[in-house]
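Visitor: Pasting a structure below so you can have a look.
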Amino acid sequence: MKGATATMETMKSSSTDSQASPAQLIDARISELGDWRGETLARVRSLIKQAEPGVVEEWKWRGVPVWELGGIICTGETYKNAVKLTFAKGASLEDPSGLFNSSLDGNTRRAIDFHEGDKIDEEALKALIRAAAALNSARSQKKPKSA
């Protein structure tokens, strides 16, 4: 957690200009990391956009990239030894490729920790992103409309 705190503090001082868009803030985070974590975050970001071209990027909780489509799909936190994609409703998703390797005990969320040198199963990750977006869409359609 110490690595995440240091990154967040640096981001506060350098890039939290209220005029910056979430995409610009995510770009700044990737550039600022300047190592395998930045490369990994950039790669998963690209895969998320490929899987769901309509995805909306947000910047929440004082420095966490968030991808949404009908609700939160996942967040992209960076730590000293990992880039973590946390799926908001991951426990409700099928994971036939076994990508989830973190936060497995929770009732709602599931996460994927990427470590230096890990190979990303791009097709499986894109399938998981699509499934998360479909779940959000299905849940939003079930909600009763208020007058």
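Note on naming: chains are A, B, ... as they come in the structure tokens, residues start from 1 per chain, ligands start from 1 in the order shown.
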Tell me which protein, DNA and RNA residues are within 7 Å of Ser102 of chain A, counting only C-alpha atoms, leaving out same-chain ones fewer than 2 positions away, and put them as a ChimeraX atom specification.
Guide: /A:100,104,110-113
Visitor: Quick one: write out the picked residues with N, CA, C and O atoms as a PDB file, in the first residue's frame?
Guide:
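Okay, selection25.pdb is ready:
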ATOM      1  N   PHE A 100      -9.214 -14.247 -12.551  1.00  0.00           N
ATOM      2  CA  PHE A 100      -9.284 -13.679 -11.203  1.00  0.00           C
ATOM      3  C   PHE A 100      -8.301 -14.403 -10.289  1.00  0.00           C
ATOM      4  O   PHE A 100      -8.323 -15.620 -10.172  1.00  0.00           O
ATOM      5  N   LEU A 104     -10.653 -12.982  -3.865  1.00  0.00           N
ATOM      6  CA  LEU A 104     -11.535 -14.095  -4.178  1.00  0.00           C
ATOM      7  C   LEU A 104     -12.511 -14.422  -3.057  1.00  0.00           C
ATOM      8  O   LEU A 104     -13.474 -15.155  -3.280  1.00  0.00           O
ATOM      9  N   ARG A 110     -14.110  -9.034  -7.498  1.00  0.00           N
ATOM     10  CA  ARG A 110     -13.012  -9.952  -7.798  1.00  0.00           C
ATOM     11  C   ARG A 110     -11.950  -9.123  -8.501  1.00  0.00           C
ATOM     12  O   ARG A 110     -12.266  -8.125  -9.158  1.00  0.00           O
ATOM     13  N   ALA A 111     -10.706  -9.530  -8.404  1.00  0.00           N
ATOM     14  CA  ALA A 111      -9.634  -8.738  -9.002  1.00  0.00           C
ATOM     15  C   ALA A 111      -8.631  -9.629  -9.723  1.00  0.00           C
ATOM     16  O   ALA A 111      -8.534 -10.828  -9.473  1.00  0.00           O
ATOM     17  N   ILE A 112      -7.888  -8.971 -10.600  1.00  0.00           N
ATOM     18  CA  ILE A 112      -6.772  -9.602 -11.294  1.00  0.00           C
ATOM     19  C   ILE A 112      -5.539  -8.784 -10.951  1.00  0.00           C
ATOM     20  O   ILE A 112      -5.498  -7.580 -11.210  1.00  0.00           O
ATOM     21  N   ASP A 113      -4.557  -9.412 -10.348  1.00  0.00           N
ATOM     22  CA  ASP A 113      -3.279  -8.758 -10.079  1.00  0.00           C
ATOM     23  C   ASP A 113      -2.306  -9.137 -11.184  1.00  0.00           C
ATOM     24  O   ASP A 113      -2.065 -10.318 -11.430  1.00  0.00           O
TER      25      ASP A 113
END
Visitor: I'd like the neighbourhood of segment 62-68 of chain A as a PyMOL selection string, where a residue qualifies if any of its atoms comes within 9 Å (using only C-alpha atoms), though same-chain residues fewer than 4 positions away should be ignored.
Guide: chain A and resi 7-8+11-12+16+22-23+25-26+29+45+48+54-58+72-78+133
Visitor: So that I can check the secondary structure, give me every residue of segment 3-134 of chain A assigned alpha helix (DSSP H) by backbone DSSP, as a PyMOL selection string.
Guide: chain A and resi 3-15+22-33+36-51+122-134
Visitor: In Å, rounded to a single decimal, give me how far atom CA of Ala82 of chain A is from atom CA of Leu69 of chain A.
Guide: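 It comes out at 24.7 Å.
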Visitor: Could you tell me how far atom CA of Asn81 of chain A lies from atom CA of Glu52 of chain A, in Å and to one decimal?
Guide: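 Between atom CA of Asn81 of chain A and atom CA of Glu52 of chain A the gap is 27.5 Å.
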Visitor: Pick out each residue of segment 17-113 of chain A that DSSP on the backbone tags as strand (DSSP E); I need them as JSON, numbers by chain.
Guide: {"A": [56, 57, 58, 59, 60, 64, 65, 66, 67, 68, 72, 73, 74, 75, 76, 77, 78, 83, 84, 85, 86, 87, 110, 111, 112, 113]}
Visitor: Determine the nearest neighbour of Val83 of chain A from the options A:Asp27, A:Asp105, A:Glu122, A:Asp35, counting only C-alpha atoms.
Guide: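 For Val83 of chain A, the nearest of the candidates is A:Asp35.
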Visitor: Rounded to one decimal, what separation in Å do you get between atom CA of Arg37 of chain A and atom CA of Phe114 of chain A?
Guide: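 Pair atom CA of Arg37 of chain A / atom CA of Phe114 of chain A returns 8.7 Å.
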Visitor: Got a sec: who's within 9 Å of Leu99 of chain A, counting only C-alpha atoms, leaving out chain neighbours fewer than 2 positions off, as a PDB file with N, CA, C and O atoms, in the first residue's frame?
Guide:
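What follows is the written file selection20.pdb:
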ATOM      1  N   ASP A  95     -15.710 -16.947 -15.037  1.00  0.00           N
ATOM      2  CA  ASP A  95     -14.292 -16.724 -15.327  1.00  0.00           C
ATOM      3  C   ASP A  95     -13.667 -18.036 -15.795  1.00  0.00           C
ATOM      4  O   ASP A  95     -12.840 -18.633 -15.113  1.00  0.00           O
ATOM      5  N   PRO A  96     -14.081 -18.500 -16.992  1.00  0.00           N
ATOM      6  CA  PRO A  96     -13.611 -19.810 -17.445  1.00  0.00           C
ATOM      7  C   PRO A  96     -12.099 -19.894 -17.654  1.00  0.00           C
ATOM      8  O   PRO A  96     -11.524 -20.982 -17.572  1.00  0.00           O
ATOM      9  N   SER A  97     -11.448 -18.773 -17.880  1.00  0.00           N
ATOM     10  CA  SER A  97      -9.993 -18.779 -18.077  1.00  0.00           C
ATOM     11  C   SER A  97      -9.224 -18.633 -16.776  1.00  0.00           C
ATOM     12  O   SER A  97      -7.997 -18.679 -16.769  1.00  0.00           O
ATOM     13  N   ASN A 101      -7.422 -13.627  -9.651  1.00  0.00           N
ATOM     14  CA  ASN A 101      -6.422 -14.222  -8.766  1.00  0.00           C
ATOM     15  C   ASN A 101      -6.281 -13.439  -7.462  1.00  0.00           C
ATOM     16  O   ASN A 101      -5.347 -13.649  -6.711  1.00  0.00           O
ATOM     17  N   ALA A 111     -10.706  -9.530  -8.404  1.00  0.00           N
ATOM     18  CA  ALA A 111      -9.634  -8.738  -9.002  1.00  0.00           C
ATOM     19  C   ALA A 111      -8.631  -9.629  -9.723  1.00  0.00           C
ATOM     20  O   ALA A 111      -8.534 -10.828  -9.473  1.00  0.00           O
ATOM     21  N   ILE A 112      -7.888  -8.971 -10.600  1.00  0.00           N
ATOM     22  CA  ILE A 112      -6.772  -9.602 -11.294  1.00  0.00           C
ATOM     23  C   ILE A 112      -5.539  -8.784 -10.951  1.00  0.00           C
ATOM     24  O   ILE A 112      -5.498  -7.580 -11.210  1.00  0.00           O
ATOM     25  N   ASP A 113      -4.557  -9.412 -10.348  1.00  0.00           N
ATOM     26  CA  ASP A 113      -3.279  -8.758 -10.079  1.00  0.00           C
ATOM     27  C   ASP A 113      -2.306  -9.137 -11.184  1.00  0.00           C
ATOM     28  O   ASP A 113      -2.065 -10.318 -11.430  1.00  0.00           O
ATOM     29  N   ASP A 121      -3.578 -12.555 -20.899  1.00  0.00           N
ATOM     30  CA  ASP A 121      -4.428 -13.316 -21.815  1.00  0.00           C
ATOM     31  C   ASP A 121      -5.454 -12.315 -22.349  1.00  0.00           C
ATOM     32  O   ASP A 121      -6.508 -12.097 -21.752  1.00  0.00           O
ATOM     33  N   ALA A 124      -9.136 -13.463 -23.216  1.00  0.00           N
ATOM     34  CA  ALA A 124      -9.898 -13.783 -22.005  1.00  0.00           C
ATOM     35  C   ALA A 124     -10.255 -12.515 -21.241  1.00  0.00           C
ATOM     36  O   ALA A 124     -11.375 -12.388 -20.726  1.00  0.00           O
ATOM     37  N   LEU A 125      -9.323 -11.553 -21.176  1.00  0.00           N
ATOM     38  CA  LEU A 125      -9.603 -10.297 -20.477  1.00  0.00           C
ATOM     39  C   LEU A 125     -10.703  -9.518 -21.195  1.00  0.00           C
ATOM     40  O   LEU A 125     -11.625  -9.001 -20.554  1.00  0.00           O
ATOM     41  N   LEU A 128     -14.003 -11.028 -20.407  1.00  0.00           N
ATOM     42  CA  LEU A 128     -14.424 -10.677 -19.048  1.00  0.00           C
ATOM     43  C   LEU A 128     -14.970  -9.246 -18.998  1.00  0.00           C
ATOM     44  O   LEU A 128     -15.989  -8.987 -18.345  1.00  0.00           O
TER      45      LEU A 128
END
